[in-house]
file run26.cif (mmCIF, C-alpha atoms and all ligand atoms)
data_final
loop_
_atom_site.group_PDB
_atom_site.id
_atom_site.type_symbol
_atom_site.label_atom_id
_atom_site.label_comp_id
_atom_site.auth_asym_id
_atom_site.auth_seq_id
_atom_site.Cartn_x
_atom_site.Cartn_y
_atom_site.Cartn_z
ATOM 1 C CA MET A 1 3.409 17.931 22.557
ATOM 2 C CA SER A 2 4.728 15.881 19.660
ATOM 3 C CA ALA A 3 3.773 17.213 16.243
ATOM 4 C CA SER A 4 3.942 13.700 14.835
ATOM 5 C CA VAL A 5 1.135 12.589 12.536
ATOM 6 C CA MET A 6 1.656 8.985 13.627
ATOM 7 C CA MET A 7 -1.113 7.774 15.938
ATOM 8 C CA SER A 8 1.371 5.501 17.730
ATOM 9 C CA GLU A 9 3.505 8.476 18.682
ATOM 10 C CA ILE A 10 0.879 10.709 20.285
ATOM 11 C CA PRO A 11 -1.240 10.335 23.464
ATOM 12 C CA TRP A 12 -4.889 9.355 23.271
ATOM 13 C CA ASN A 13 -6.261 12.761 24.185
ATOM 14 C CA GLU A 14 -4.155 14.440 21.496
ATOM 15 C CA TYR A 15 -5.512 11.945 18.960
ATOM 16 C CA GLN A 16 -9.029 12.656 20.183
ATOM 17 C CA ARG A 17 -8.452 16.412 19.935
ATOM 18 C CA ARG A 18 -7.183 16.162 16.373
ATOM 19 C CA ILE A 19 -10.164 14.209 15.096
ATOM 20 C CA ALA A 20 -12.684 16.270 17.085
ATOM 21 C CA GLU A 21 -11.255 19.775 16.742
ATOM 22 C CA GLU A 22 -9.027 19.637 13.687
ATOM 23 C CA ASP A 23 -11.227 17.314 11.670
ATOM 24 C CA ALA A 24 -8.142 15.142 11.060
ATOM 25 C CA ILE A 25 -8.341 12.551 8.309
ATOM 26 C CA VAL A 26 -7.364 9.147 9.672
ATOM 27 C CA PHE A 27 -5.109 7.217 7.290
ATOM 28 C CA VAL A 28 -4.932 3.436 7.453
ATOM 29 C CA PRO A 29 -1.972 2.072 5.447
ATOM 30 C CA VAL A 30 -2.222 -1.556 4.347
ATOM 31 C CA GLY A 31 0.760 -3.412 2.944
ATOM 32 C CA ALA A 32 2.115 -6.920 2.944
ATOM 33 C CA VAL A 33 4.937 -9.023 4.305
ATOM 34 C CA GLU A 34 6.188 -10.363 1.013
ATOM 35 C CA GLN A 35 9.448 -11.204 -0.718
ATOM 36 C CA HIS A 36 10.685 -8.549 -3.126
ATOM 37 C CA GLY A 37 13.754 -10.239 -4.574
ATOM 38 C CA TYR A 38 17.288 -10.339 -3.160
ATOM 39 C CA HIS A 39 17.661 -6.584 -2.945
ATOM 40 C CA LEU A 40 14.539 -5.276 -1.188
ATOM 41 C CA PRO A 41 13.196 -5.971 2.315
ATOM 42 C CA LEU A 42 10.147 -8.092 3.110
ATOM 43 C CA GLY A 43 8.376 -5.028 4.484
ATOM 44 C CA THR A 44 8.535 -3.050 1.222
ATOM 45 C CA ASP A 45 4.760 -2.881 0.680
ATOM 46 C CA TRP A 46 3.664 -1.830 4.159
ATOM 47 C CA MET A 47 6.616 0.517 4.521
ATOM 48 C CA MET A 48 5.832 2.337 1.279
ATOM 49 C CA ALA A 49 2.090 2.508 2.019
ATOM 50 C CA THR A 50 2.893 3.967 5.440
ATOM 51 C CA TYR A 51 5.358 6.421 3.925
ATOM 52 C CA MET A 52 2.718 7.692 1.452
ATOM 53 C CA ALA A 53 0.135 7.969 4.223
ATOM 54 C CA ARG A 54 2.533 9.907 6.468
ATOM 55 C CA ARG A 55 3.501 12.388 3.771
ATOM 56 C CA ALA A 56 -0.127 12.912 2.740
ATOM 57 C CA ALA A 57 -1.232 13.275 6.374
ATOM 58 C CA GLU A 58 1.404 15.961 6.921
ATOM 59 C CA ARG A 59 0.095 17.799 3.899
ATOM 60 C CA VAL A 60 -3.671 17.585 4.379
ATOM 61 C CA GLY A 61 -3.952 17.410 8.156
ATOM 62 C CA GLY A 62 -4.245 13.803 9.173
ATOM 63 C CA VAL A 63 -3.273 11.105 11.591
ATOM 64 C CA VAL A 64 -1.780 7.798 10.434
ATOM 65 C CA ALA A 65 -3.079 4.729 12.247
ATOM 66 C CA PRO A 66 -0.613 1.844 12.679
ATOM 67 C CA PRO A 67 -0.453 -0.057 9.388
ATOM 68 C CA VAL A 68 -2.081 -3.375 8.665
ATOM 69 C CA MET A 69 1.249 -5.005 7.848
ATOM 70 C CA TYR A 70 0.154 -8.521 6.980
ATOM 71 C CA ALA A 71 -2.098 -8.772 4.000
ATOM 72 C CA ALA A 72 -3.723 -10.759 1.229
ATOM 73 C CA ARG A 73 -1.974 -13.774 -0.182
ATOM 74 C CA SER A 74 0.743 -13.115 -2.728
ATOM 75 C CA GLN A 75 -0.190 -14.527 -6.128
ATOM 76 C CA VAL A 76 2.316 -16.002 -8.584
ATOM 77 C CA ARG A 77 1.490 -13.712 -11.515
ATOM 78 C CA THR A 78 1.377 -10.475 -9.484
ATOM 79 C CA GLY A 79 3.610 -10.908 -6.445
ATOM 80 C CA GLY A 80 5.755 -13.963 -7.011
ATOM 81 C CA GLY A 81 3.440 -16.295 -5.112
ATOM 82 C CA PRO A 82 2.811 -17.657 -1.643
ATOM 83 C CA HIS A 83 5.531 -20.313 -1.722
ATOM 84 C CA ARG A 84 8.625 -18.169 -1.118
ATOM 85 C CA CYS A 85 10.104 -18.188 2.363
ATOM 86 C CA GLY A 86 9.199 -14.994 4.184
ATOM 87 C CA THR A 87 6.070 -14.208 2.166
ATOM 88 C CA THR A 88 3.712 -14.299 5.135
ATOM 89 C CA SER A 89 0.107 -13.769 4.088
ATOM 90 C CA LEU A 90 -3.288 -13.746 5.759
ATOM 91 C CA ASN A 91 -6.320 -15.736 4.721
ATOM 92 C CA ALA A 92 -8.620 -13.299 2.897
ATOM 93 C CA GLU A 93 -11.283 -13.612 5.621
ATOM 94 C CA THR A 94 -8.702 -12.552 8.213
ATOM 95 C CA LEU A 95 -7.669 -9.472 6.236
ATOM 96 C CA ILE A 96 -11.301 -8.452 5.743
ATOM 97 C CA ALA A 97 -12.079 -9.034 9.420
ATOM 98 C CA MET A 98 -8.971 -7.278 10.683
ATOM 99 C CA THR A 99 -9.405 -4.204 8.499
ATOM 100 C CA TYR A 100 -13.130 -4.139 9.264
ATOM 101 C CA ASP A 101 -12.447 -4.218 13.013
ATOM 102 C CA VAL A 102 -9.909 -1.389 12.790
ATOM 103 C CA LEU A 103 -12.254 0.772 10.671
ATOM 104 C CA CYS A 104 -15.182 0.169 13.035
ATOM 105 C CA GLU A 105 -13.098 1.104 16.072
ATOM 106 C CA LEU A 106 -11.827 4.272 14.409
ATOM 107 C CA GLY A 107 -15.404 5.203 13.500
ATOM 108 C CA ARG A 108 -16.727 4.350 16.967
ATOM 109 C CA HIS A 109 -14.217 6.749 18.494
ATOM 110 C CA GLY A 110 -15.153 9.633 16.261
ATOM 111 C CA ALA A 111 -13.148 9.382 13.035
ATOM 112 C CA ARG A 112 -15.450 10.451 10.198
ATOM 113 C CA LYS A 113 -12.955 10.747 7.338
ATOM 114 C CA ILE A 114 -10.864 7.658 6.824
ATOM 115 C CA ALA A 115 -8.394 7.027 4.004
ATOM 116 C CA VAL A 116 -7.287 3.433 3.445
ATOM 117 C CA ILE A 117 -3.987 3.499 1.545
ATOM 118 C CA ASP A 118 -3.194 0.197 -0.143
ATOM 119 C CA GLY A 119 0.362 -0.780 -1.046
ATOM 120 C CA HIS A 120 -0.171 -4.374 -2.168
ATOM 121 C CA PHE A 121 -1.903 -5.352 -5.391
ATOM 122 C CA GLU A 122 -3.641 -8.461 -4.039
ATOM 123 C CA ASN A 123 -5.439 -6.601 -1.234
ATOM 124 C CA ARG A 124 -7.767 -4.766 -3.533
ATOM 125 C CA PHE A 125 -11.122 -6.532 -3.362
ATOM 126 C CA PHE A 126 -10.728 -7.639 0.240
ATOM 127 C CA LEU A 127 -10.205 -4.045 1.332
ATOM 128 C CA ASP A 128 -13.247 -2.993 -0.705
ATOM 129 C CA GLU A 129 -15.255 -5.550 1.241
ATOM 130 C CA ALA A 130 -13.912 -4.408 4.629
ATOM 131 C CA CYS A 131 -14.625 -0.735 3.816
ATOM 132 C CA TYR A 132 -18.106 -1.528 2.537
ATOM 133 C CA ARG A 133 -19.061 -3.564 5.578
ATOM 134 C CA ALA A 134 -17.607 -1.079 8.089
ATOM 135 C CA GLN A 135 -19.470 1.871 6.568
ATOM 136 C CA ARG A 136 -22.696 -0.128 6.253
ATOM 137 C CA ASP A 137 -22.593 -1.484 9.794
ATOM 138 C CA LEU A 138 -21.601 1.798 11.437
ATOM 139 C CA GLU A 139 -24.429 3.514 9.588
ATOM 140 C CA ALA A 140 -26.835 0.917 10.929
ATOM 141 C CA ARG A 141 -25.533 1.774 14.408
ATOM 142 C CA GLY A 142 -26.270 5.470 13.917
ATOM 143 C CA VAL A 143 -22.949 6.718 12.522
ATOM 144 C CA ARG A 144 -24.311 8.357 9.379
ATOM 145 C CA ASP A 145 -21.530 10.747 8.439
ATOM 146 C CA LEU A 146 -18.573 8.371 8.153
ATOM 147 C CA ARG A 147 -16.874 8.258 4.770
ATOM 148 C CA ILE A 148 -14.047 5.985 3.723
ATOM 149 C CA LEU A 149 -11.793 6.559 0.743
ATOM 150 C CA LYS A 150 -9.717 3.628 -0.438
ATOM 151 C CA MET A 151 -6.954 3.769 -3.017
ATOM 152 C CA LEU A 152 -3.862 2.006 -4.266
ATOM 153 C CA TYR A 153 -1.278 4.771 -3.909
ATOM 154 C CA ALA A 154 0.240 3.875 -7.293
ATOM 155 C CA GLU A 155 -3.136 3.779 -9.040
ATOM 156 C CA ARG A 156 -2.025 6.228 -11.723
ATOM 157 C CA ILE A 157 1.323 7.377 -13.143
ATOM 158 C CA SER A 158 1.562 10.411 -15.421
ATOM 159 C CA PRO A 159 2.939 9.885 -18.957
ATOM 160 C CA GLU A 160 5.814 12.304 -18.158
ATOM 161 C CA THR A 161 6.947 10.309 -15.131
ATOM 162 C CA MET A 162 6.482 7.039 -17.022
ATOM 163 C CA GLU A 163 8.738 8.317 -19.742
ATOM 164 C CA LYS A 164 11.495 9.206 -17.299
ATOM 165 C CA ALA A 165 11.143 6.091 -15.150
ATOM 166 C CA TYR A 166 11.119 3.732 -18.118
ATOM 167 C CA ALA A 167 13.528 5.526 -20.428
ATOM 168 C CA GLY A 168 14.874 2.912 -22.832
ATOM 169 C CA VAL A 169 12.956 0.014 -21.274
ATOM 170 C CA SER A 170 9.333 -0.955 -21.701
ATOM 171 C CA PHE A 171 6.845 -0.799 -18.834
ATOM 172 C CA PRO A 172 5.940 -4.385 -17.946
ATOM 173 C CA GLY A 173 2.554 -3.439 -16.433
ATOM 174 C CA LEU A 174 1.778 -2.853 -12.760
ATOM 175 C CA ASP A 175 1.195 -6.562 -12.145
ATOM 176 C CA LEU A 176 4.775 -7.389 -13.175
ATOM 177 C CA GLU A 177 6.182 -4.397 -11.328
ATOM 178 C CA HIS A 178 7.041 -6.622 -8.391
ATOM 179 C CA GLY A 179 10.531 -5.822 -7.118
ATOM 180 C CA GLY A 180 11.085 -3.988 -10.411
ATOM 181 C CA ILE A 181 11.987 -0.416 -11.317
ATOM 182 C CA LEU A 182 9.090 1.206 -9.492
ATOM 183 C CA GLU A 183 9.546 -0.380 -6.094
ATOM 184 C CA THR A 184 13.343 -0.407 -6.261
ATOM 185 C CA ALA A 185 13.476 3.296 -7.162
ATOM 186 C CA MET A 186 10.966 4.289 -4.476
ATOM 187 C CA MET A 187 12.842 2.336 -1.805
ATOM 188 C CA LEU A 188 16.155 3.860 -2.963
ATOM 189 C CA TYR A 189 14.644 7.297 -2.402
ATOM 190 C CA CYS A 190 12.821 6.589 0.880
ATOM 191 C CA TYR A 191 14.853 3.844 2.563
ATOM 192 C CA PRO A 192 18.265 3.710 0.816
ATOM 193 C CA ASP A 193 19.870 1.778 3.681
ATOM 194 C CA LEU A 194 17.461 -1.108 3.121
ATOM 195 C CA VAL A 195 18.289 -1.611 -0.566
ATOM 196 C CA ASP A 196 21.241 -3.670 -1.749
ATOM 197 C CA VAL A 197 21.789 -2.441 -5.313
ATOM 198 C CA SER A 198 24.499 -5.043 -5.904
ATOM 199 C CA LYS A 199 21.819 -7.753 -5.626
ATOM 200 C CA ILE A 200 19.289 -6.324 -8.097
ATOM 201 C CA PRO A 201 18.546 -9.217 -10.459
ATOM 202 C CA ASP A 202 18.620 -8.903 -14.215
ATOM 203 C CA GLU A 203 16.358 -11.775 -15.246
ATOM 204 C CA ALA A 204 14.106 -12.065 -18.278
ATOM 205 C CA LEU A 205 10.439 -11.149 -17.796
ATOM 206 C CA PRO A 206 8.403 -14.230 -16.880
ATOM 207 C CA ASP A 207 6.132 -15.524 -19.614
ATOM 208 C CA PHE A 208 3.040 -16.391 -17.597
ATOM 209 C CA PRO A 209 0.205 -18.364 -19.186
ATOM 210 C CA PRO A 210 -3.236 -16.739 -18.937
ATOM 211 C CA TYR A 211 -4.292 -18.872 -15.951
ATOM 212 C CA ASP A 212 -3.248 -19.836 -12.409
ATOM 213 C CA LEU A 213 -2.433 -23.265 -11.008
ATOM 214 C CA PHE A 214 -2.905 -24.720 -7.541
ATOM 215 C CA PRO A 215 -0.537 -25.965 -6.270
ATOM 216 C CA VAL A 216 1.563 -23.167 -7.718
ATOM 217 C CA ARG A 217 4.374 -23.831 -10.181
ATOM 218 C CA PRO A 218 7.447 -22.290 -8.504
ATOM 219 C CA ASP A 219 9.387 -22.520 -11.786
ATOM 220 C CA TRP A 220 7.068 -19.941 -13.371
ATOM 221 C CA VAL A 221 8.690 -17.293 -11.150
ATOM 222 C CA PRO A 222 12.262 -16.047 -11.738
ATOM 223 C CA ALA A 223 14.778 -17.307 -9.158
ATOM 224 C CA SER A 224 15.069 -13.969 -7.347
ATOM 225 C CA GLY A 225 11.301 -13.635 -6.871
ATOM 226 C CA CYS A 226 11.204 -10.336 -8.815
ATOM 227 C CA LEU A 227 8.837 -10.246 -11.790
ATOM 228 C CA SER A 228 10.809 -7.571 -13.661
ATOM 229 C CA SER A 229 14.270 -6.101 -13.301
ATOM 230 C CA GLY A 230 14.902 -3.062 -11.139
ATOM 231 C CA LYS A 231 18.374 -2.525 -12.667
ATOM 232 C CA PRO A 232 17.595 0.897 -14.198
ATOM 233 C CA ALA A 233 16.177 2.206 -10.891
ATOM 234 C CA THR A 234 17.758 5.235 -9.238
ATOM 235 C CA ALA A 235 16.861 7.353 -6.223
ATOM 236 C CA GLU A 236 16.176 10.186 -8.653
ATOM 237 C CA ILE A 237 13.502 8.143 -10.432
ATOM 238 C CA GLY A 238 12.242 7.148 -7.002
ATOM 239 C CA LYS A 239 11.847 10.771 -6.027
ATOM 240 C CA LEU A 240 9.790 11.485 -9.145
ATOM 241 C CA LEU A 241 7.504 8.516 -8.498
ATOM 242 C CA VAL A 242 7.147 9.045 -4.765
ATOM 243 C CA GLU A 243 6.431 12.768 -5.007
ATOM 244 C CA GLU A 244 3.870 12.076 -7.713
ATOM 245 C CA PHE A 245 2.169 9.415 -5.582
ATOM 246 C CA VAL A 246 2.168 11.698 -2.523
ATOM 247 C CA ASP A 247 0.452 14.316 -4.726
ATOM 248 C CA LEU A 248 -2.000 11.726 -6.042
ATOM 249 C CA VAL A 249 -3.006 10.587 -2.556
ATOM 250 C CA SER A 250 -3.117 14.118 -1.105
ATOM 251 C CA THR A 251 -5.200 15.425 -4.013
ATOM 252 C CA ALA A 252 -7.663 12.533 -3.836
ATOM 253 C CA VAL A 253 -8.115 12.851 -0.102
ATOM 254 C CA SER A 254 -8.424 16.659 -0.268
ATOM 255 C CA ALA A 255 -10.967 16.465 -3.074
ATOM 256 C CA GLU A 256 -13.222 14.228 -1.020
ATOM 257 C CA PHE A 257 -12.597 15.427 2.509
ATOM 258 C CA ARG A 258 -11.500 19.076 2.377
HETATM 259 ZN ZN ZN A 301 5.486 -4.692 -3.492
#

call {"tool": "encode", "arguments": {"input": "run26.cif", "output": "structure tokens"}}
result
Amino acid sequence: MSASVMMSEIPWNEYQRRIAEEDAIVFVPVGAVEQHGYHLPLGTDWMMATYMARRAAERVGGVVAPPVMYAARSQVRTGGGPHRCGTTSLNAETLIAMTYDVLCELGRHGARKIAVIDGHFENRFFLDEACYRAQRDLEARGVRDLRILKMLYAERISPETMEKAYAGVSFPGLDLEHGGILETAMMLYCYPDLVDVSKIPDEALPDFPPYDLFPVRPDWVPASGCLSSGKPATAEIGKLLVEEFVDLVSTAVSAEFR
């Protein structure tokens, strides 16, 4: 029998056994299909969310459901916007409905501890809504012991890691960390073959006004689509960040479910 924690890689009865007998936590990674500059792949967000979920599941005893790859619309001031070719987003209602359906099915089949791991800034409130509705509606149908934890895996970074990751450069804020040091370093550590370091842009930080416009103004976003430069990123920095985020997710999930 495969020891994989990935739901897609094990038979149904093994999945059933793990949630029934081993009290497995079911992880649901949610990402995005979104441009991340010239040097990172379009799947960066769902790949990293799935990576974090897999590592945490291996640590705390869990199963990782197939990720929700498509996600909430990319916004100009946080993800470079919806206008770039390849940034393929869902309408918010679709993301809520899709995540809600998955959570309800997991709960209907016996999962009682579910961890939704978000890897895309814009998903936040739509995932809250999906989690809220799924828990509420399952409770109304008699499932009273289901609990759902939802977190952005990069919710917090320790001052020590910040200092090492941003040595000599200033942290632009998580909203501008799109295709920047954080994501470039993490991808260099986890998926080095998918990063083209020769294409990392070195553009100035965008100077966004404190509002959004519809239709979007493409010229607000640097040509590459990155919102900050990933030039200083290394796999070593990536390791620091990734291991810290795996700890963060594992600790949160253990605190609530173990
Ligand atoms: Zn991203």

call {"tool": "residues_around", "arguments": {"input": "run26.cif", "residues": "Thr184 in chain A", "least_positions_apart": "3", "cutoff": "8 Å", "atoms": "all atoms listed in the file", "output": "MDAnalysis selection string"}}
result
chainID A and resid 40 179:181 187:188 195 230 233:234 238

call {"tool": "resolve_selection", "arguments": {"input": "run26.cif", "expression": "the PyMOL selection byres (((not hetatm)) within 8 of (chain A and resi 301))", "output": "list in words"}}
result
Ala32, Glu34, His36, Thr44, Asp45, Gly79, Gly119, His120, Phe121, Glu177, His178, Gly179 and Glu183 of chain A

call {"tool": "axis_aligned_box", "arguments": {"input": "run26.cif", "around": "range 213-224 of chain A", "padding_each_side": "3 Å", "output": "lines of an AutoDock Vina configuration file"}}
result
center_x = 6.1
center_y = -20.0
center_z = -9.8
size_x = 24.0
size_y = 18.0
size_z = 13.1

call {"tool": "residues_around", "arguments": {"input": "run26.cif", "residues": "range 123-133 of chain A", "least_positions_apart": "5", "cutoff": "6 Å", "atoms": "all atoms listed in the file", "output": "VMD selection string"}}
result
chain A and resid 72 96 99 to 100

call {"tool": "atom_distance", "arguments": {"input": "run26.cif", "atom1": "CA of Glu160 in chain A", "atom2": "CA of Tyr191 in chain A"}}
result
24.1 Å

call {"tool": "residues_around", "arguments": {"input": "run26.cif", "residues": "Met52 in chain A", "least_positions_apart": "2", "cutoff": "8 Å", "atoms": "only C-alpha atoms", "output": "PyMOL selection string"}}
result
chain A and resi 48-50+54-56+117+153+242+245-246+249

call {"tool": "resolve_selection", "arguments": {"input": "run26.cif", "expression": "the PyMOL selection byres (((chain A and resi 71) around 9) and not hetatm)", "output": "VMD selection string"}}
result
chain A and resid 30 to 34 68 to 70 72 to 74 88 to 92 94 to 95 120 122 to 123

call {"tool": "write_last_selection", "arguments": {"input": "run26.cif", "atoms": "C-alpha atoms", "output": "compact mmCIF listing (two decimals), in the frame of the given file"}}
result
# COMPACT_ATOMS: atom_id res chain seq x y z
CA VAL A 30 -2.22 -1.56 4.35
CA GLY A 31 0.76 -3.41 2.94
CA ALA A 32 2.12 -6.92 2.94
CA VAL A 33 4.94 -9.02 4.30
CA GLU A 34 6.19 -10.36 1.01
CA VAL A 68 -2.08 -3.38 8.66
CA MET A 69 1.25 -5.00 7.85
CA TYR A 70 0.15 -8.52 6.98
CA ALA A 72 -3.72 -10.76 1.23
CA ARG A 73 -1.97 -13.77 -0.18
CA SER A 74 0.74 -13.12 -2.73
CA THR A 88 3.71 -14.30 5.14
CA SER A 89 0.11 -13.77 4.09
CA LEU A 90 -3.29 -13.75 5.76
CA ASN A 91 -6.32 -15.74 4.72
CA ALA A 92 -8.62 -13.30 2.90
CA THR A 94 -8.70 -12.55 8.21
CA LEU A 95 -7.67 -9.47 6.24
CA HIS A 120 -0.17 -4.37 -2.17
CA GLU A 122 -3.64 -8.46 -4.04
CA ASN A 123 -5.44 -6.60 -1.23

call {"tool": "decode", "arguments": {"input": "run26.cif", "residues": "range 182-191 of chain A", "atoms": "all heavy atoms", "output": "PDB file, in the first residue's frame"}}
result
ATOM      1  N   LEU A 182      10.326  36.375  -1.875  1.00  0.00           N
ATOM      2  CA  LEU A 182       9.680  35.271  -1.174  1.00  0.00           C
ATOM      3  C   LEU A 182       9.329  34.113  -2.108  1.00  0.00           C
ATOM      4  O   LEU A 182       9.768  32.978  -1.913  1.00  0.00           O
ATOM      5  CB  LEU A 182       8.413  35.836  -0.508  1.00  0.00           C
ATOM      6  CG  LEU A 182       7.854  35.084   0.664  1.00  0.00           C
ATOM      7  CD1 LEU A 182       7.993  35.953   1.912  1.00  0.00           C
ATOM      8  CD2 LEU A 182       6.380  34.810   0.433  1.00  0.00           C
ATOM      9  N   GLU A 183       8.558  34.421  -3.130  1.00  0.00           N
ATOM     10  CA  GLU A 183       8.103  33.347  -4.017  1.00  0.00           C
ATOM     11  C   GLU A 183       9.248  32.786  -4.857  1.00  0.00           C
ATOM     12  O   GLU A 183       9.315  31.584  -5.110  1.00  0.00           O
ATOM     13  CB  GLU A 183       6.964  33.840  -4.908  1.00  0.00           C
ATOM     14  CG  GLU A 183       5.677  34.010  -4.130  1.00  0.00           C
ATOM     15  CD  GLU A 183       4.508  34.439  -4.989  1.00  0.00           C
ATOM     16  OE1 GLU A 183       4.615  35.438  -5.730  1.00  0.00           O
ATOM     17  OE2 GLU A 183       3.459  33.781  -4.914  1.00  0.00           O
ATOM     18  N   THR A 184      10.152  33.652  -5.290  1.00  0.00           N
ATOM     19  CA  THR A 184      11.282  33.182  -6.093  1.00  0.00           C
ATOM     20  C   THR A 184      12.160  32.238  -5.269  1.00  0.00           C
ATOM     21  O   THR A 184      12.551  31.163  -5.728  1.00  0.00           O
ATOM     22  CB  THR A 184      12.119  34.376  -6.597  1.00  0.00           C
ATOM     23  OG1 THR A 184      11.255  35.264  -7.318  1.00  0.00           O
ATOM     24  CG2 THR A 184      13.240  33.924  -7.517  1.00  0.00           C
ATOM     25  N   ALA A 185      12.443  32.632  -4.028  1.00  0.00           N
ATOM     26  CA  ALA A 185      13.299  31.810  -3.161  1.00  0.00           C
ATOM     27  C   ALA A 185      12.632  30.465  -2.856  1.00  0.00           C
ATOM     28  O   ALA A 185      13.277  29.414  -2.922  1.00  0.00           O
ATOM     29  CB  ALA A 185      13.608  32.561  -1.874  1.00  0.00           C
ATOM     30  N   MET A 186      11.338  30.502  -2.534  1.00  0.00           N
ATOM     31  CA  MET A 186      10.640  29.256  -2.212  1.00  0.00           C
ATOM     32  C   MET A 186      10.628  28.314  -3.409  1.00  0.00           C
ATOM     33  O   MET A 186      10.836  27.110  -3.269  1.00  0.00           O
ATOM     34  CB  MET A 186       9.203  29.552  -1.769  1.00  0.00           C
ATOM     35  CG  MET A 186       9.108  30.243  -0.420  1.00  0.00           C
ATOM     36  SD  MET A 186       7.428  30.229   0.237  1.00  0.00           S
ATOM     37  CE  MET A 186       6.545  31.106  -1.049  1.00  0.00           C
ATOM     38  N   MET A 187      10.384  28.859  -4.595  1.00  0.00           N
ATOM     39  CA  MET A 187      10.352  28.017  -5.796  1.00  0.00           C
ATOM     40  C   MET A 187      11.750  27.478  -6.114  1.00  0.00           C
ATOM     41  O   MET A 187      11.897  26.354  -6.580  1.00  0.00           O
ATOM     42  CB  MET A 187       9.771  28.799  -6.979  1.00  0.00           C
ATOM     43  CG  MET A 187       8.269  29.046  -6.886  1.00  0.00           C
ATOM     44  SD  MET A 187       7.255  27.528  -6.904  1.00  0.00           S
ATOM     45  CE  MET A 187       7.291  27.105  -8.657  1.00  0.00           C
ATOM     46  N   LEU A 188      12.784  28.288  -5.851  1.00  0.00           N
ATOM     47  CA  LEU A 188      14.162  27.825  -6.078  1.00  0.00           C
ATOM     48  C   LEU A 188      14.486  26.629  -5.181  1.00  0.00           C
ATOM     49  O   LEU A 188      15.215  25.723  -5.567  1.00  0.00           O
ATOM     50  CB  LEU A 188      15.157  28.953  -5.799  1.00  0.00           C
ATOM     51  CG  LEU A 188      15.422  29.931  -6.948  1.00  0.00           C
ATOM     52  CD1 LEU A 188      16.279  31.091  -6.456  1.00  0.00           C
ATOM     53  CD2 LEU A 188      16.102  29.232  -8.126  1.00  0.00           C
ATOM     54  N   TYR A 189      13.929  26.629  -3.997  1.00  0.00           N
ATOM     55  CA  TYR A 189      14.161  25.543  -3.043  1.00  0.00           C
ATOM     56  C   TYR A 189      13.319  24.312  -3.395  1.00  0.00           C
ATOM     57  O   TYR A 189      13.815  23.194  -3.379  1.00  0.00           O
ATOM     58  CB  TYR A 189      13.839  26.040  -1.634  1.00  0.00           C
ATOM     59  CG  TYR A 189      13.909  24.992  -0.551  1.00  0.00           C
ATOM     60  CD1 TYR A 189      15.051  24.217  -0.345  1.00  0.00           C
ATOM     61  CD2 TYR A 189      12.819  24.787   0.303  1.00  0.00           C
ATOM     62  CE1 TYR A 189      15.094  23.262   0.670  1.00  0.00           C
ATOM     63  CE2 TYR A 189      12.861  23.842   1.317  1.00  0.00           C
ATOM     64  CZ  TYR A 189      14.000  23.077   1.496  1.00  0.00           C
ATOM     65  OH  TYR A 189      14.039  22.132   2.496  1.00  0.00           O
ATOM     66  N   CYS A 190      12.045  24.534  -3.737  1.00  0.00           N
ATOM     67  CA  CYS A 190      11.122  23.407  -3.938  1.00  0.00           C
ATOM     68  C   CYS A 190      11.071  22.903  -5.379  1.00  0.00           C
ATOM     69  O   CYS A 190      10.927  21.710  -5.605  1.00  0.00           O
ATOM     70  CB  CYS A 190       9.714  23.801  -3.503  1.00  0.00           C
ATOM     71  SG  CYS A 190       9.595  24.276  -1.788  1.00  0.00           S
ATOM     72  N   TYR A 191      11.132  23.793  -6.329  1.00  0.00           N
ATOM     73  CA  TYR A 191      10.999  23.414  -7.743  1.00  0.00           C
ATOM     74  C   TYR A 191      12.054  24.133  -8.588  1.00  0.00           C
ATOM     75  O   TYR A 191      11.702  24.926  -9.472  1.00  0.00           O
ATOM     76  CB  TYR A 191       9.595  23.760  -8.275  1.00  0.00           C
ATOM     77  CG  TYR A 191       8.480  23.092  -7.514  1.00  0.00           C
ATOM     78  CD1 TYR A 191       7.795  23.768  -6.500  1.00  0.00           C
ATOM     79  CD2 TYR A 191       8.115  21.777  -7.800  1.00  0.00           C
ATOM     80  CE1 TYR A 191       6.769  23.145  -5.790  1.00  0.00           C
ATOM     81  CE2 TYR A 191       7.102  21.148  -7.093  1.00  0.00           C
ATOM     82  CZ  TYR A 191       6.430  21.840  -6.095  1.00  0.00           C
ATOM     83  OH  TYR A 191       5.431  21.225  -5.399  1.00  0.00           O
TER      84      TYR A 191
END
